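Comments concern the structure below.
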Amino acid sequence: QVTGHLDDCTCDVETIDAFNNYKLFPRLNELLENDYFRYYKVNLKKPCPFWDDSSHCGIRDCAVKPCPSDEVPDGIRSGSYKYSEEASNLAEECEEAKRLGAVDGSLSKETQQAVLQWTRHDDSSDSFCEADDIYSPDAEYVDLLLNPERYTGYRGPDAWKIWNSIYEENCFKPQNVKRPLTSGRGESFIYLTKWFSSVCVEKRAFYKLISGLHASINIHLSARYLLQDMWSEKKWGPNVTEFQQRFDEVITRGEGPRRLKNLYFLYLIELRALSKVLPFFERPGFQLYTGNKSHDAEMKNFLLEILHLAKSFPLHFDENSFFAGNKKEAAKLKEEFRLHFKNISKIMDCVGCFKCRLWGKLQTQGLGTALKILFSENLIEKIPESGPSYGFQLTRQEIVALFNAFGRL
């Protein structure tokens, strides 16, 4: 059922599939294995700002423990951070948790100097996301390749509460339309269809972006499901039943294919952002700092090749349809759009499973960065070829999140 034209776009599913599967994805995947893109600094200990939540996931695959280890260079951590005696005593338990699938925060010694350099090139700027304080003692580097997004066992009331909060409070929809993932699955579909036809394109788009992000996460959980859990080994693979529960047309009463189409809409938005941000990366002064000059230059050329490829896509989303009406109303709606999204990024600190929190925060920041790019087109056009780009800036955190989030799609 996922075929043909996408609403609010000039594009179709087949064009995206052909472009992504045969041209873009193989190159993007190779880029994301590079040191610059694989290390993401994140604070997984920020308290939930919306409700008291001590119900952290007890499942071992949710676990994230900053294990004291010779492999983690002191320079990575904030200078004021010292491991407590309790933390040292937990080292053995930590190593066990790490072996069983916890987030692996270890970095090789070669990357120590590179990581220190990266922080010097991070500038703060206004954004669509509640950014982590990367200088916090609780912020740590995580190797994304060692911590793939996959099913952890985190589900039930706690996970439902997160998505309910996102849909109910942050998606511009009227109160009488319940979110599309109620336990009965699909009974709100008819109301949602009516609402879609009556609401402005911006609010429709916002809802579809969140639905697309939700679909993306659910696909990864279904595709990398824990199929076999033996004490000696684990087997991960596709769980078709889990996928059907979320996307089958009959089971979801017609809603599943729409969710998947929203995934394509999200892809188009992030692809458009990559095509628009090209001038920022093309400047001679921009480098992918990892400390290895020849490799960095090679990676920058590879990155530009991918961005030019993104720009060559024939049926880009036209973001000029956003906020195109009355200037005063448009400015108000745009700010509302930004604040709603910022709120969603804060909700990610309420996710009880730390591995899910890691990928939730990264993908939210990636989408927030894409929106920041699309709403900064005039600033990007004015970026000088040399010297600092005062009007528009991306931090290393935003760059890593932008490309890894798109890699997930």
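Chain labels A, B, ... are given in the sequence in which chains occur in the structure tokens; within each chain residues are numbered consecutively from 1, and ligands are likewise numbered from 1 in the order shown.
By only C-alpha atoms, and with residues fewer than 3 positions from region 368-375 of chain A along its chain excluded, the set lying at most 7 Å from it is Ser127, Phe128, Cys129, Glu270, Ala273, Val277, Thr364, Gln365, Glu398 and Leu402 of chain A.
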Which residues are close to region 1-18 of chain A, i.e. within 12 Å by only C-alpha atoms, leaving aside same-chain residues fewer than 4 positions away? Reply as an MDAnalysis selection string. chainID A and resid 22:25 196:197 200:205 208 247:250 254:269 271 310 313:322 409
How would the residues just chosen look if you wrote them out with C-alpha atoms as a PDB file, in the first residue's frame?
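Printed below is selection-v4.pdb as written:
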ATOM      1  CA  TYR A  22      20.903   2.926  -5.261  1.00  0.00           C
ATOM      2  CA  LYS A  23      22.589   6.332  -5.014  1.00  0.00           C
ATOM      3  CA  LEU A  24      22.532   7.996  -1.605  1.00  0.00           C
ATOM      4  CA  PHE A  25      22.356   5.401   1.150  1.00  0.00           C
ATOM      5  CA  PHE A 196      -5.965  16.703   8.146  1.00  0.00           C
ATOM      6  CA  SER A 197      -8.223  18.153   5.475  1.00  0.00           C
ATOM      7  CA  CYS A 200      -3.047  24.468   7.553  1.00  0.00           C
ATOM      8  CA  VAL A 201      -0.097  22.885   5.741  1.00  0.00           C
ATOM      9  CA  GLU A 202       2.405  23.812   8.503  1.00  0.00           C
ATOM     10  CA  LYS A 203       0.468  22.039  11.252  1.00  0.00           C
ATOM     11  CA  ARG A 204      -0.115  19.047   9.005  1.00  0.00           C
ATOM     12  CA  ALA A 205       3.601  18.942   8.249  1.00  0.00           C
ATOM     13  CA  LYS A 208       3.655  14.155   9.799  1.00  0.00           C
ATOM     14  CA  PHE A 247       2.058  -0.995  10.116  1.00  0.00           C
ATOM     15  CA  ASP A 248      -0.217  -3.667   8.629  1.00  0.00           C
ATOM     16  CA  GLU A 249      -3.212  -2.006   6.950  1.00  0.00           C
ATOM     17  CA  VAL A 250      -5.790  -4.404   8.397  1.00  0.00           C
ATOM     18  CA  GLY A 254      -5.829   1.692   7.411  1.00  0.00           C
ATOM     19  CA  GLU A 255      -3.418   3.801   9.402  1.00  0.00           C
ATOM     20  CA  GLY A 256      -0.189   1.798   8.958  1.00  0.00           C
ATOM     21  CA  PRO A 257       0.496   2.775   5.324  1.00  0.00           C
ATOM     22  CA  ARG A 258      -0.097   6.432   6.248  1.00  0.00           C
ATOM     23  CA  ARG A 259       2.516   6.167   9.010  1.00  0.00           C
ATOM     24  CA  LEU A 260       5.001   4.779   6.497  1.00  0.00           C
ATOM     25  CA  LYS A 261       4.226   7.554   4.032  1.00  0.00           C
ATOM     26  CA  ASN A 262       4.959  10.043   6.813  1.00  0.00           C
ATOM     27  CA  LEU A 263       8.402   8.438   7.009  1.00  0.00           C
ATOM     28  CA  TYR A 264       8.935   9.382   3.354  1.00  0.00           C
ATOM     29  CA  PHE A 265       7.757  12.916   4.090  1.00  0.00           C
ATOM     30  CA  LEU A 266      10.317  13.184   6.912  1.00  0.00           C
ATOM     31  CA  TYR A 267      12.994  11.868   4.513  1.00  0.00           C
ATOM     32  CA  LEU A 268      12.130  14.613   2.006  1.00  0.00           C
ATOM     33  CA  ILE A 269      12.370  17.344   4.650  1.00  0.00           C
ATOM     34  CA  LEU A 271      17.028  15.643   2.292  1.00  0.00           C
ATOM     35  CA  ALA A 310      21.298  15.390  -2.317  1.00  0.00           C
ATOM     36  CA  PHE A 313      17.346  15.012  -6.323  1.00  0.00           C
ATOM     37  CA  PRO A 314      14.718  15.876  -8.961  1.00  0.00           C
ATOM     38  CA  LEU A 315      11.607  16.332  -6.807  1.00  0.00           C
ATOM     39  CA  HIS A 316      12.617  18.272  -3.700  1.00  0.00           C
ATOM     40  CA  PHE A 317      10.080  19.426  -1.128  1.00  0.00           C
ATOM     41  CA  ASP A 318       9.206  23.097  -1.608  1.00  0.00           C
ATOM     42  CA  GLU A 319       9.543  24.663   1.830  1.00  0.00           C
ATOM     43  CA  ASN A 320       8.379  28.020   0.432  1.00  0.00           C
ATOM     44  CA  SER A 321       4.832  26.796   1.062  1.00  0.00           C
ATOM     45  CA  PHE A 322       5.648  27.075   4.777  1.00  0.00           C
ATOM     46  CA  LEU A 409      15.804   7.272   7.652  1.00  0.00           C
TER      47      LEU A 409
END
Mind pulling up the distance from CA of Gly407 (chain A) to CA of Ile383 (chain A)?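 Between CA of Ile383 (chain A) and CA of Gly407 (chain A) the gap is 26.4 Å.
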Pull the helix (DSSP H, G or I) assignments for region 316-353 of chain A out of DSSP run on the backbone, and list those residues as JSON, numbers by chain. {"A": [319, 320, 321, 327, 328, 329, 330, 331, 332, 333, 334, 335, 336, 337, 338, 339, 340, 341, 342, 343, 344, 345, 346, 347, 348, 349, 350]}
Residue nearest Pro47 (chain A) among A:Gly352, A:Ser312, A:Ser232, A:Leu227 (counting only C-alpha atoms):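 That would be A:Gly352, the residue with the smallest distance to Pro47 (chain A).
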Please identify every residue of region 260-378 of chain A that has at least one atom no farther than 9 Å from an atom of region 138-148 of chain A, counting only C-alpha atoms, and for each give the shortest atom pair and the distance in Å to one decimal, arranged by chain then increasing number, as JSON lines.
{"residue": "A:Lys355", "atom": "CA", "partner": "A:Asn147", "partner_atom": "CA", "distance": 7.8}
{"residue": "A:Leu358", "atom": "CA", "partner": "A:Val142", "partner_atom": "CA", "distance": 9.0}
{"residue": "A:Trp359", "atom": "CA", "partner": "A:Pro148", "partner_atom": "CA", "distance": 8.7}
Might you pull out every residue within 10 Å of region 348-350 of chain A, with only C-alpha atoms counted and same-chain residues fewer than 3 positions away left off, and present them as JSON, numbers by chain? {"A": [43, 44, 45, 46, 47, 48, 49, 50, 51, 52, 53, 54, 55, 56, 130, 158, 159, 161, 162, 163, 166, 343, 344, 345, 353, 354, 356, 357, 358, 359, 360, 361, 362, 364]}
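For the set A:Glu33, A:Gln244, A:Ile399, A:Lys311, the residue with the smallest atom-to-atom gap to Lys276 (chain A) is A:Lys311, counting only C-alpha atoms.
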The residue from A:Phe280, A:Tyr151, A:Tyr207, A:Trp236 with the smallest atom-to-atom distance to Glu385 (chain A), counting only C-alpha atoms, is A:Phe280
